[in-house]
file input-v9.cif (mmCIF, C-alpha atoms and all ligand atoms)
data_run
#
loop_
_atom_site.label_atom_id
_atom_site.label_comp_id
_atom_site.auth_asym_id
_atom_site.auth_seq_id
_atom_site.Cartn_x
_atom_site.Cartn_y
_atom_site.Cartn_z
CA MET A 242 -22.51 0.64 -8.22
CA GLY A 243 -24.69 0.45 -11.30
CA GLY A 244 -22.87 -1.72 -13.78
CA PHE A 245 -19.77 -1.73 -15.89
CA ASN A 246 -20.43 1.42 -17.93
CA GLN A 247 -21.05 3.61 -14.91
CA ALA A 248 -17.99 2.19 -13.15
CA ALA A 249 -15.81 2.80 -16.22
CA LEU A 250 -17.08 6.38 -16.46
CA LEU A 251 -16.58 7.03 -12.78
CA GLU A 252 -13.00 5.82 -13.06
CA ALA A 253 -12.36 8.06 -16.08
CA ILE A 254 -13.93 11.03 -14.28
CA ARG A 255 -11.77 10.45 -11.20
CA ARG A 256 -8.59 10.16 -13.25
CA GLY A 257 -9.54 13.28 -15.18
CA GLY A 258 -9.22 15.36 -12.02
CA GLY A 259 -12.17 17.64 -12.79
CA THR A 260 -11.30 18.36 -16.42
CA VAL A 261 -13.30 15.83 -18.42
CA THR A 262 -16.44 16.55 -20.43
CA ARG A 263 -19.04 14.05 -21.64
CA ALA A 264 -17.38 14.18 -25.07
CA ASP A 265 -14.01 13.28 -23.50
CA LEU A 266 -15.66 10.37 -21.71
CA ALA A 267 -17.14 9.01 -24.93
CA ARG A 268 -13.70 9.23 -26.54
CA VAL A 269 -11.70 7.55 -23.74
CA THR A 270 -14.22 4.81 -22.94
CA GLY A 271 -15.41 4.09 -26.47
CA LEU A 272 -19.02 4.31 -25.30
CA SER A 273 -21.58 6.08 -27.47
CA PRO A 274 -22.45 9.69 -26.59
CA GLN A 275 -26.00 8.62 -25.73
CA THR A 276 -24.77 5.87 -23.41
CA VAL A 277 -22.41 8.34 -21.73
CA THR A 278 -25.19 10.88 -21.29
CA ASN A 279 -27.52 8.33 -19.73
CA ALA A 280 -24.88 6.85 -17.43
CA VAL A 281 -23.64 10.29 -16.33
CA ARG A 282 -27.22 11.28 -15.49
CA ARG A 283 -27.44 8.28 -13.18
CA LEU A 284 -24.04 9.12 -11.64
CA LEU A 285 -25.20 12.69 -10.98
CA GLU A 286 -28.31 11.29 -9.28
CA THR A 287 -26.16 9.12 -6.99
CA GLY A 288 -24.27 12.20 -5.82
CA LEU A 289 -20.90 10.58 -6.60
CA VAL A 290 -20.31 13.06 -9.41
CA ALA A 291 -21.01 16.76 -9.89
CA GLU A 292 -20.74 19.01 -12.92
CA GLU A 293 -19.33 22.45 -13.45
CA SER A 294 -19.82 24.87 -16.33
CA VAL A 295 -16.76 25.05 -18.57
CA GLN A 296 -17.27 28.79 -18.99
CA ARG A 297 -16.52 29.32 -15.33
CA ARG A 298 -13.10 27.78 -15.76
CA ALA A 299 -10.17 29.95 -16.66
CA GLY A 300 -8.77 29.37 -20.12
CA ALA A 301 -11.89 27.75 -21.55
CA GLY A 302 -11.96 28.44 -25.28
CA PRO A 303 -14.85 29.63 -27.41
CA GLY A 304 -17.44 27.27 -28.81
CA ARG A 305 -20.42 25.39 -27.55
CA PRO A 306 -20.74 25.69 -23.78
CA GLY A 307 -20.27 22.40 -21.99
CA THR A 308 -19.70 21.10 -18.52
CA THR A 309 -16.87 19.24 -16.89
CA LEU A 310 -17.44 16.44 -14.45
CA ASP A 311 -15.69 15.64 -11.21
CA ILE A 312 -16.25 13.24 -8.37
CA VAL A 313 -17.69 14.51 -5.09
CA PRO A 314 -15.02 13.63 -2.50
CA ASP A 315 -17.29 13.39 0.55
CA SER A 316 -19.91 11.25 -1.18
CA LYS A 317 -18.13 7.99 -0.24
CA TYR A 318 -15.36 6.86 2.07
CA ALA A 319 -13.24 3.77 2.54
CA ILE A 320 -11.36 2.51 5.57
CA GLY A 321 -7.86 1.10 5.16
CA VAL A 322 -6.23 -1.08 7.79
CA HIS A 323 -2.59 -2.06 7.77
CA LEU A 324 -1.84 -4.94 10.01
CA ASP A 325 1.86 -4.96 10.71
CA PRO A 326 3.18 -7.38 13.32
CA ALA A 327 4.24 -4.33 15.37
CA THR A 328 1.46 -1.79 14.69
CA VAL A 329 -2.13 -1.51 13.51
CA VAL A 330 -2.71 1.58 11.35
CA VAL A 331 -6.21 2.66 10.30
CA VAL A 332 -7.02 5.44 7.84
CA LEU A 333 -10.26 6.90 6.52
CA LEU A 334 -10.05 7.96 2.89
CA ASP A 335 -12.61 9.98 0.97
CA LEU A 336 -13.54 9.28 -2.65
CA GLY A 337 -11.02 11.90 -3.75
CA GLY A 338 -8.21 9.97 -2.05
CA THR A 339 -7.71 12.46 0.79
CA VAL A 340 -6.86 10.92 4.16
CA VAL A 341 -9.44 12.48 6.48
CA ALA A 342 -8.47 10.58 9.64
CA THR A 343 -5.67 8.33 10.86
CA ARG A 344 -5.31 6.17 13.95
CA SER A 345 -2.64 3.74 15.06
CA ALA A 346 -2.20 1.37 17.95
CA PRO A 347 0.54 -1.02 18.97
CA ALA A 348 -0.26 -4.59 17.97
CA PRO A 349 -0.98 -6.71 21.05
CA ALA A 350 2.13 -8.25 22.56
CA SER A 351 0.52 -11.71 22.48
CA GLU A 352 0.29 -11.56 18.64
CA LYS A 353 -2.78 -13.83 18.98
CA PRO A 354 -5.22 -13.41 16.07
CA ASP A 355 -8.17 -12.81 18.42
CA ASP A 356 -6.35 -10.06 20.29
CA VAL A 357 -5.27 -8.43 17.02
CA LEU A 358 -8.84 -8.61 15.71
CA ASP A 359 -10.07 -6.87 18.86
CA VAL A 360 -7.67 -3.99 18.19
CA VAL A 361 -8.68 -3.76 14.51
CA ALA A 362 -12.41 -3.74 15.33
CA ARG A 363 -11.93 -1.15 18.08
CA GLU A 364 -9.84 1.17 15.87
CA VAL A 365 -12.19 0.86 12.87
CA GLY A 366 -15.17 1.70 15.10
CA ALA A 367 -13.29 4.61 16.64
CA ILE A 368 -12.16 6.17 13.36
CA VAL A 369 -15.74 6.26 12.05
CA ALA A 370 -17.16 7.54 15.34
CA THR A 371 -14.60 10.31 15.84
CA SER A 372 -14.54 11.49 12.21
CA GLY A 373 -18.24 12.30 12.18
CA VAL A 374 -18.61 10.66 8.77
CA ASP A 375 -22.01 9.15 7.99
CA VAL A 376 -21.62 5.36 8.33
CA ALA A 377 -23.88 4.88 5.29
CA ARG A 378 -21.23 6.58 3.15
CA VAL A 379 -18.48 4.15 4.16
CA LEU A 380 -18.00 1.59 1.39
CA GLY A 381 -16.04 -0.86 3.51
CA VAL A 382 -12.70 -1.91 4.92
CA GLY A 383 -9.59 -2.82 2.96
CA LEU A 384 -7.10 -4.92 4.93
CA ALA A 385 -3.39 -5.00 4.12
CA THR A 386 -1.57 -7.83 5.87
CA PRO A 387 1.70 -9.70 5.68
CA GLY A 388 1.56 -12.64 3.27
CA PRO A 389 1.14 -15.29 2.29
CA ILE A 390 -2.63 -14.98 2.02
CA ASP A 391 -5.50 -16.84 0.37
CA ARG A 392 -7.12 -13.85 -1.26
CA GLN A 393 -10.11 -15.80 -2.54
CA ARG A 394 -11.03 -17.13 0.89
CA GLY A 395 -9.79 -14.09 2.81
CA LEU A 396 -7.29 -16.05 4.89
CA VAL A 397 -3.91 -15.04 6.25
CA LEU A 398 -1.98 -18.31 5.89
CA ASP A 399 1.27 -18.48 7.86
CA PRO A 400 3.22 -15.20 7.81
CA PRO A 401 6.86 -15.69 8.84
CA HIS A 402 6.74 -12.78 11.29
CA LEU A 403 3.45 -13.83 12.93
CA THR A 404 4.27 -17.31 14.15
CA ARG A 405 0.93 -17.84 15.92
CA TRP A 406 -1.02 -17.25 12.72
CA HIS A 407 -2.22 -20.19 10.60
CA ASP A 408 -5.10 -19.89 8.12
CA VAL A 409 -6.69 -17.00 10.02
CA PRO A 410 -10.04 -15.98 8.40
CA LEU A 411 -9.16 -12.32 8.85
CA ARG A 412 -11.44 -10.87 6.15
CA ASP A 413 -14.61 -12.57 7.39
CA GLU A 414 -13.81 -11.88 11.04
CA VAL A 415 -13.21 -8.16 10.42
CA ALA A 416 -16.43 -8.00 8.38
CA ARG A 417 -18.33 -9.72 11.19
CA ARG A 418 -16.89 -7.56 13.95
CA THR A 419 -17.15 -4.20 12.14
CA GLY A 420 -20.27 -4.76 10.03
CA PHE A 421 -18.51 -3.42 6.93
CA PRO A 422 -17.86 -5.19 3.62
CA THR A 423 -14.20 -6.19 3.81
CA LEU A 424 -11.45 -7.26 1.43
CA LEU A 425 -7.98 -8.58 2.08
CA ASP A 426 -4.73 -8.08 0.22
CA LYS A 427 -1.01 -8.37 0.80
CA ASP A 428 0.66 -5.31 2.32
CA VAL A 429 3.11 -4.69 -0.52
CA LEU A 430 0.35 -5.02 -3.14
CA ALA A 431 -1.68 -2.46 -1.17
CA VAL A 432 1.32 -0.12 -1.32
CA ALA A 433 1.45 -0.64 -5.09
CA ALA A 434 -2.28 0.17 -5.26
CA ALA A 435 -1.66 3.49 -3.50
CA ILE A 436 1.09 4.33 -5.97
CA CYS A 437 -1.22 3.55 -8.90
CA TRP A 438 -4.05 5.60 -7.36
CA TYR A 439 -2.41 8.95 -6.80
CA PRO A 440 -1.59 11.18 -9.75
CA GLU A 441 1.06 12.97 -7.65
CA THR A 442 3.49 10.08 -8.07
CA GLY A 443 3.00 10.26 -11.82
CA ARG A 444 1.51 6.77 -11.67
CA PRO A 445 4.65 4.97 -12.82
CA THR A 446 3.79 2.27 -15.34
CA ASP A 447 6.84 0.07 -14.75
CA ALA A 448 8.10 0.14 -11.20
CA ALA A 449 9.52 -1.96 -8.39
CA VAL A 450 7.70 -1.10 -5.18
CA VAL A 451 9.85 -1.95 -2.17
CA TYR A 452 8.23 -2.30 1.20
CA VAL A 453 10.43 -2.49 4.28
CA GLY A 454 8.54 -3.16 7.47
CA THR A 455 8.82 -6.05 9.86
CA GLY A 456 9.65 -8.03 6.70
CA VAL A 457 10.77 -6.93 3.27
CA ALA A 458 8.74 -7.31 0.07
CA MET A 459 8.80 -6.03 -3.48
CA ALA A 460 5.76 -5.60 -5.73
CA VAL A 461 6.01 -5.00 -9.45
CA ILE A 462 3.90 -2.61 -11.49
CA SER A 463 4.21 -3.63 -15.15
CA GLY A 464 2.40 -1.85 -17.94
CA GLY A 465 0.42 0.10 -15.34
CA GLU A 466 -0.95 -3.06 -13.72
CA ILE A 467 0.00 -4.56 -10.39
CA VAL A 468 1.49 -8.03 -10.90
CA ARG A 469 -0.38 -10.36 -8.53
CA GLY A 470 0.68 -13.84 -9.61
CA VAL A 471 -1.45 -16.99 -9.75
CA SER A 472 -2.32 -16.98 -6.05
CA GLY A 473 -2.23 -13.25 -5.35
CA ASN A 474 1.03 -13.64 -3.44
CA ALA A 475 3.46 -11.91 -5.79
CA GLY A 476 5.98 -9.75 -4.02
CA GLU A 477 7.88 -12.20 -1.82
CA ALA A 478 11.32 -10.63 -2.04
CA GLY A 479 12.76 -11.93 1.22
CA HIS A 480 14.69 -14.75 -0.40
CA LEU A 481 16.12 -12.82 -3.36
CA SER A 482 19.87 -13.28 -3.30
CA VAL A 483 21.90 -10.19 -2.49
CA GLY A 484 25.25 -11.90 -2.95
CA ARG A 485 26.99 -11.17 0.29
CA PRO A 486 25.87 -12.84 3.52
CA PHE A 487 24.80 -10.63 6.41
CA GLY A 488 23.29 -13.25 8.63
CA PRO A 489 21.00 -16.23 8.33
CA CYS A 490 17.57 -15.73 6.77
CA SER A 491 14.43 -17.40 8.17
CA CYS A 492 14.88 -20.01 5.40
CA GLY A 493 18.20 -21.01 6.93
CA ARG A 494 20.35 -19.79 4.05
CA GLU A 495 22.67 -16.81 4.04
CA GLY A 496 22.71 -14.05 1.43
CA CYS A 497 18.93 -13.49 1.30
CA LEU A 498 17.47 -9.96 1.30
CA GLY A 499 15.34 -11.00 4.28
CA GLY A 500 18.55 -11.64 6.21
CA VAL A 501 19.40 -7.96 5.70
CA LEU A 502 16.21 -5.93 5.65
CA SER A 503 13.73 -7.26 8.15
CA THR A 504 13.54 -5.62 11.55
CA GLY A 505 14.60 -8.86 13.23
CA ALA A 506 17.62 -9.16 10.91
CA ILE A 507 18.56 -5.53 11.54
CA LEU A 508 18.54 -6.15 15.29
CA THR A 509 20.59 -9.37 15.01
CA ASN A 510 23.07 -8.06 12.45
CA ALA A 511 23.65 -4.83 14.39
CA GLY A 512 24.62 -6.93 17.41
CA ALA A 513 26.95 -9.06 15.29
CA ARG A 514 28.67 -5.88 14.10
CA GLY A 515 29.17 -4.67 17.63
CA ILE A 516 26.51 -1.94 17.39
CA HIS A 517 24.89 -1.82 20.81
CA LEU A 518 21.12 -1.33 20.75
CA ALA A 519 19.30 -1.20 24.08
CA ALA A 520 16.16 -2.73 22.48
CA ALA A 521 18.05 -6.00 22.04
CA THR A 522 17.67 -6.84 25.72
CA ASP A 523 14.17 -5.41 26.28
CA GLU A 524 12.08 -8.39 27.44
CA GLU A 525 9.01 -6.25 28.21
CA VAL A 526 7.72 -6.07 24.62
CA SER A 527 6.94 -8.52 21.81
CA PRO A 528 9.79 -9.63 19.52
CA SER A 529 8.27 -7.57 16.68
CA LEU A 530 8.11 -4.43 18.79
CA ARG A 531 11.60 -5.03 20.17
CA ALA A 532 12.99 -5.20 16.64
CA ASP A 533 10.96 -2.14 15.68
CA HIS A 534 12.47 -0.15 18.55
CA ALA A 535 15.92 -1.24 17.37
CA VAL A 536 15.20 0.52 14.07
CA ASP A 537 14.45 3.74 15.95
CA GLU A 538 17.73 3.44 17.83
CA LEU A 539 19.72 2.78 14.68
CA GLY A 540 18.19 5.88 13.11
CA VAL A 541 19.23 7.96 16.13
CA LEU A 542 22.79 6.63 15.92
CA ALA A 543 22.98 7.35 12.18
CA GLY A 544 21.55 10.82 12.72
CA ALA A 545 24.30 11.48 15.26
CA GLY A 546 26.93 10.45 12.71
CA ASP A 547 27.92 7.14 14.33
CA ALA A 548 30.42 5.66 11.87
CA GLN A 549 29.57 2.03 12.60
CA ALA A 550 25.86 2.66 12.14
CA LEU A 551 26.46 4.57 8.91
CA GLY A 552 28.66 1.78 7.52
CA PHE A 553 26.03 -0.79 8.44
CA LEU A 554 23.26 1.23 6.74
CA ASN A 555 25.40 1.77 3.65
CA ASP A 556 25.89 -1.99 3.32
CA MET A 557 22.14 -2.53 3.80
CA GLY A 558 21.40 -0.01 1.04
CA GLU A 559 23.79 -1.79 -1.32
CA ALA A 560 22.24 -5.17 -0.52
CA LEU A 561 18.81 -3.75 -1.32
CA GLY A 562 20.29 -2.34 -4.53
CA SER A 563 21.46 -5.84 -5.57
CA ALA A 564 17.94 -7.22 -5.19
CA VAL A 565 16.31 -4.25 -6.91
CA VAL A 566 18.70 -4.41 -9.87
CA THR A 567 17.81 -8.07 -10.45
CA VAL A 568 14.12 -7.17 -10.73
CA CYS A 569 14.74 -4.05 -12.84
CA GLN A 570 16.92 -6.03 -15.24
CA LEU A 571 14.40 -8.83 -15.54
CA LEU A 572 11.37 -6.62 -16.15
CA ASP A 573 12.93 -3.50 -17.71
CA LEU A 574 11.67 -1.16 -15.00
CA ASP A 575 12.60 2.51 -14.74
CA THR A 576 11.30 3.38 -11.27
CA VAL A 577 11.92 2.18 -7.74
CA VAL A 578 9.48 3.27 -5.06
CA PRO A 579 10.80 2.48 -1.59
CA SER A 580 8.32 2.59 1.27
CA GLY A 581 7.33 1.22 4.62
CA PRO A 582 7.88 2.02 8.27
CA VAL A 583 11.55 0.99 8.26
CA TRP A 584 12.25 2.90 5.07
CA GLU A 585 10.58 6.02 6.51
CA ARG A 586 13.07 5.97 9.40
CA LEU A 587 16.26 4.72 7.75
CA GLY A 588 15.70 5.69 4.08
CA PRO A 589 18.03 8.72 4.03
CA TRP A 590 20.97 6.44 4.92
CA LEU A 591 19.90 3.58 2.64
CA VAL A 592 19.50 5.66 -0.53
CA PRO A 593 23.22 6.25 -1.25
CA GLY A 594 24.04 2.51 -1.30
CA LEU A 595 20.90 1.73 -3.31
CA ARG A 596 21.68 4.53 -5.77
CA ARG A 597 25.32 3.46 -6.15
CA VAL A 598 24.39 -0.13 -7.07
CA LEU A 599 21.66 1.04 -9.48
CA ASP A 600 24.06 3.45 -11.20
CA GLY A 601 26.82 0.86 -11.39
CA SER A 602 24.74 -1.93 -12.90
CA PRO A 603 23.97 -2.65 -16.54
CA LEU A 604 20.28 -2.03 -17.13
CA PRO A 605 18.30 -2.88 -20.25
CA GLY A 606 17.71 -0.05 -22.72
CA HIS A 607 20.42 2.03 -21.03
CA HIS A 608 17.76 4.12 -19.31
CA ALA A 609 18.13 5.49 -15.82
CA VAL A 610 16.22 4.08 -12.87
CA ARG A 611 14.78 6.77 -10.64
CA VAL A 612 14.18 6.35 -6.93
CA LEU A 613 10.80 7.90 -6.24
CA PRO A 614 9.48 8.31 -2.70
CA THR A 615 5.76 7.95 -2.01
CA ASP A 616 3.73 10.89 -0.75
CA GLN A 617 1.78 8.73 1.66
CA GLY A 618 4.57 8.29 4.19
CA ILE A 619 4.48 5.78 6.96
CA ASN A 620 0.79 4.96 6.45
CA VAL A 621 1.10 4.06 2.76
CA ALA A 622 -0.02 0.42 3.18
CA ALA A 623 -3.18 1.47 5.05
CA VAL A 624 -3.89 4.16 2.45
CA GLY A 625 -3.36 1.56 -0.29
CA ALA A 626 -5.77 -0.83 1.43
CA ALA A 627 -8.42 1.89 1.38
CA CYS A 628 -7.62 2.56 -2.30
CA LEU A 629 -8.20 -1.14 -3.00
CA MET A 630 -11.59 -0.86 -1.32
CA LEU A 631 -12.50 2.22 -3.41
CA ASP A 632 -11.21 0.45 -6.52
CA ASP A 633 -13.20 -2.67 -5.79
CA ALA A 634 -16.40 -0.73 -5.28
CA LEU A 635 -15.93 1.78 -8.08
CA THR A 636 -13.75 0.46 -10.87
CA PRO A 637 -14.94 -1.66 -13.77
CA LYS A 638 -14.01 -5.18 -12.75
CA THR A 639 -15.60 -8.05 -10.96
CA THR A 640 -13.16 -9.57 -8.52
CA GLY A 641 -15.61 -11.56 -6.46
CA LEU A 642 -13.19 -11.22 -3.56
CA LEU A 643 -15.23 -8.90 -1.45
CA LEU A 644 -17.25 -10.27 1.41
CA ARG A 645 -20.47 -8.28 1.55
CA VAL A 646 -22.20 -8.30 4.89
ZN ZN B 1 15.90 -16.78 2.69
#
call {"tool": "encode", "arguments": {"input": "input-v9.cif", "output": "structure tokens"}}
result
Amino acid sequence: MGGFNQAALLEAIRRGGGTVTRADLARVTGLSPQTVTNAVRRLLETGLVAEESVQRRAGAGPGRPGTTLDIVPDSKYAIGVHLDPATVVVVLLDLGGTVVATRSAPAPASEKPDDVLDVVAREVGAIVATSGVDVARVLGVGLATPGPIDRQRGLVLDPPHLTRWHDVPLRDEVARRTGFPTLLDKDVLAVAAAICWYPETGRPTDAAVVYVGTGVAMAVISGGEIVRGVSGNAGEAGHLSVGRPFGPCSCGREGCLGGVLSTGAILTNAGARGIHLAAATDEEVSPSLRADHAVDELGVLAGAGDAQALGFLNDMGEALGSAVVTVCQLLDLDTVVPSGPVWERLGPWLVPGLRRVLDGSPLPGHHAVRVLPTDQGINVAAVGAACLMLDDALTPKTTGLLLRV
């Protein structure tokens, strides 16, 4: 994309939301005015950026006429894929971060990597074909998958909720089957990327990002940066202790968050509490989909005011609160962003318990911790994966993680 300076300027222009001038760019990037002028000229030639006369904008003061710069949203696109054990979600994002198309398909019941790859390739092809977007403008595919992953080699290692998966070369296979440059990241880190990308969420600088899907995970944004860890697998929250036992976790212990807030745990624990869910005995679908349907049923029961369901959800919210408080205390965070397909369906009944534990716990600095929903809804991980692709192509860093085909 034309080197570090251009990438840094493009990032500053995007974050400026159409208000920055060349002088602003020189100030925020520390580049010389001449360097800015030259690099902006090249950006204008690429069509990624356009300029507008300041005098046409309301409220522009007197003085030397200048121009503001903004990105051109339809100049580039990125595809985001979220691979959940139950569902494959694909979004097409423009350079401005607007979701221009969304598709989803149930993950194949076999859960075999080859079958899942077929679905991903088919849906990626379909979203480009039906959107009418010029293929040449698509930067590539960002993949968000359950961890653990080997980000460097683009492998999905052995996710606990995908038992047939071992060292699957997902990044290279998706690149080969779709023809697009592809990168791979963990689902919860993709969610954190979406939260960092969109100005609407106020881009929290110190936040715990909770993702509740087939499994549960928690990413940390610290000082405005996503914490990735030494192997890019930060965010494993499933074995954080929540004090009280609900049921056994996949690790065999009791009292883990994963024994409370994974779809499988929800299904099992509901049964143990005497909450009857028809999905529990549905042998027609995969275990992941069965557990996912149980979440729908629980939401219906809660919506109808079922006391047992409400009590169960309250306890789940409090258990989540225990885990979140631990992380907020450790890292002095002031924001919790809950997300994910389970949260989207059960969140209204989980918030009170979460809120109660947050409010009743000693937090460093005596500041409040806000619970901030995302604007991206159920597709947030796919949107985040596309943001990672845009970031990789456009922001000033060299990750070396992208497979270019
Ligand atoms: Zn555990």
call {"tool": "residues_near_ligand", "arguments": {"input": "input-v9.cif", "ligand": "ligand ZN 1 (chain B)", "cutoff": "7 Å", "atoms": "all atoms listed in the file", "output": "PyMOL selection string"}}
result
chain A and resi 479-480+490-495+497+499-500
call {"tool": "closest_atom_pairs", "arguments": {"input": "input-v9.cif", "of": "region 288-387 of chain A", "to": "region 396-412 of chain A", "cutoff": "7 Å", "atoms": "all atoms listed in the file", "output": "tab-separated table"}}
result
residue	atom	partner	partner_atom	distance
A:Pro326	CA	A:Leu403	CA	6.5
A:Glu352	CA	A:Arg405	CA	6.9
A:Lys353	CA	A:Arg405	CA	6.3
A:Pro354	CA	A:Trp406	CA	6.6
A:Pro387	CA	A:Pro400	CA	6.1
call {"tool": "write_last_selection", "arguments": {"input": "input-v9.cif", "atoms": "C-alpha atoms", "output": "CSV table (one decimal), in the coordinates of the input"}}
result
chain,number,residue,atom,x,y,z
A,326,PRO,CA,3.2,-7.4,13.3
A,352,GLU,CA,0.3,-11.6,18.6
A,353,LYS,CA,-2.8,-13.8,19.0
A,354,PRO,CA,-5.2,-13.4,16.1
A,387,PRO,CA,1.7,-9.7,5.7
call {"tool": "atom_distance", "arguments": {"input": "input-v9.cif", "atom1": "CA of Ala280 (chain A)", "atom2": "CA of Arg263 (chain A)"}}
result
10.2 Å
call {"tool": "atom_distance", "arguments": {"input": "input-v9.cif", "atom1": "CA of Asp355 (chain A)", "atom2": "CA of Pro582 (chain A)"}}
result
24.1 Å
call {"tool": "residues_around", "arguments": {"input": "input-v9.cif", "residues": "Gly505 (chain A)", "least_positions_apart": "2", "cutoff": "8 Å", "atoms": "all atoms listed in the file", "output": "PyMOL selection string"}}
result
chain A and resi 455+503+507-509+528-529+532
call {"tool": "residues_near_point", "arguments": {"input": "input-v9.cif", "point": "(-20.1, 5.4, -17.3)", "cutoff": "10 Å", "atoms": "all atoms listed in the file", "output": "PDB file with C-alpha atoms, in the frame of the given file"}}
result
ATOM      1  CA  GLY A 243     -24.690   0.450 -11.300  1.00  0.00           C
ATOM      2  CA  GLY A 244     -22.870  -1.720 -13.780  1.00  0.00           C
ATOM      3  CA  PHE A 245     -19.770  -1.730 -15.890  1.00  0.00           C
ATOM      4  CA  ASN A 246     -20.430   1.420 -17.930  1.00  0.00           C
ATOM      5  CA  GLN A 247     -21.050   3.610 -14.910  1.00  0.00           C
ATOM      6  CA  ALA A 248     -17.990   2.190 -13.150  1.00  0.00           C
ATOM      7  CA  ALA A 249     -15.810   2.800 -16.220  1.00  0.00           C
ATOM      8  CA  LEU A 250     -17.080   6.380 -16.460  1.00  0.00           C
ATOM      9  CA  LEU A 251     -16.580   7.030 -12.780  1.00  0.00           C
ATOM     10  CA  GLU A 252     -13.000   5.820 -13.060  1.00  0.00           C
ATOM     11  CA  ALA A 253     -12.360   8.060 -16.080  1.00  0.00           C
ATOM     12  CA  ILE A 254     -13.930  11.030 -14.280  1.00  0.00           C
ATOM     13  CA  ARG A 263     -19.040  14.050 -21.640  1.00  0.00           C
ATOM     14  CA  LEU A 266     -15.660  10.370 -21.710  1.00  0.00           C
ATOM     15  CA  ALA A 267     -17.140   9.010 -24.930  1.00  0.00           C
ATOM     16  CA  THR A 270     -14.220   4.810 -22.940  1.00  0.00           C
ATOM     17  CA  LEU A 272     -19.020   4.310 -25.300  1.00  0.00           C
ATOM     18  CA  THR A 276     -24.770   5.870 -23.410  1.00  0.00           C
ATOM     19  CA  VAL A 277     -22.410   8.340 -21.730  1.00  0.00           C
ATOM     20  CA  THR A 278     -25.190  10.880 -21.290  1.00  0.00           C
ATOM     21  CA  ASN A 279     -27.520   8.330 -19.730  1.00  0.00           C
ATOM     22  CA  ALA A 280     -24.880   6.850 -17.430  1.00  0.00           C
ATOM     23  CA  VAL A 281     -23.640  10.290 -16.330  1.00  0.00           C
ATOM     24  CA  ARG A 282     -27.220  11.280 -15.490  1.00  0.00           C
ATOM     25  CA  ARG A 283     -27.440   8.280 -13.180  1.00  0.00           C
ATOM     26  CA  LEU A 284     -24.040   9.120 -11.640  1.00  0.00           C
ATOM     27  CA  PRO A 637     -14.940  -1.660 -13.770  1.00  0.00           C
TER      28      PRO A 637
END
call {"tool": "atom_distance", "arguments": {"input": "input-v9.cif", "atom1": "CA of Val468 (chain A)", "atom2": "CA of Ala449 (chain A)"}}
result
10.4 Å
call {"tool": "closest_residue", "arguments": {"input": "input-v9.cif", "among": "A:Gly594, A:Gly258, A:Gly470, A:Pro603", "to": "Glu559 (chain A)", "atoms": "only C-alpha atoms"}}
result
A:Gly594
call {"tool": "closest_residue", "arguments": {"input": "input-v9.cif", "among": "A:Val450, A:Leu430, A:Ile312, A:Val322", "to": "Leu336 (chain A)", "atoms": "only C-alpha atoms"}}
result
A:Ile312
call {"tool": "residues_around", "arguments": {"input": "input-v9.cif", "residues": "Ile368 (chain A)", "least_positions_apart": "2", "cutoff": "9 Å", "atoms": "all atoms listed in the file", "output": "number ranges by chain"}}
result
A: 320, 331-333, 342-344, 363-366, 370-373
call {"tool": "closest_residue", "arguments": {"input": "input-v9.cif", "among": "A:Gly465, A:Gly338, A:Gly581, A:Gly512", "to": "Ala622 (chain A)", "atoms": "only C-alpha atoms"}}
result
A:Gly581
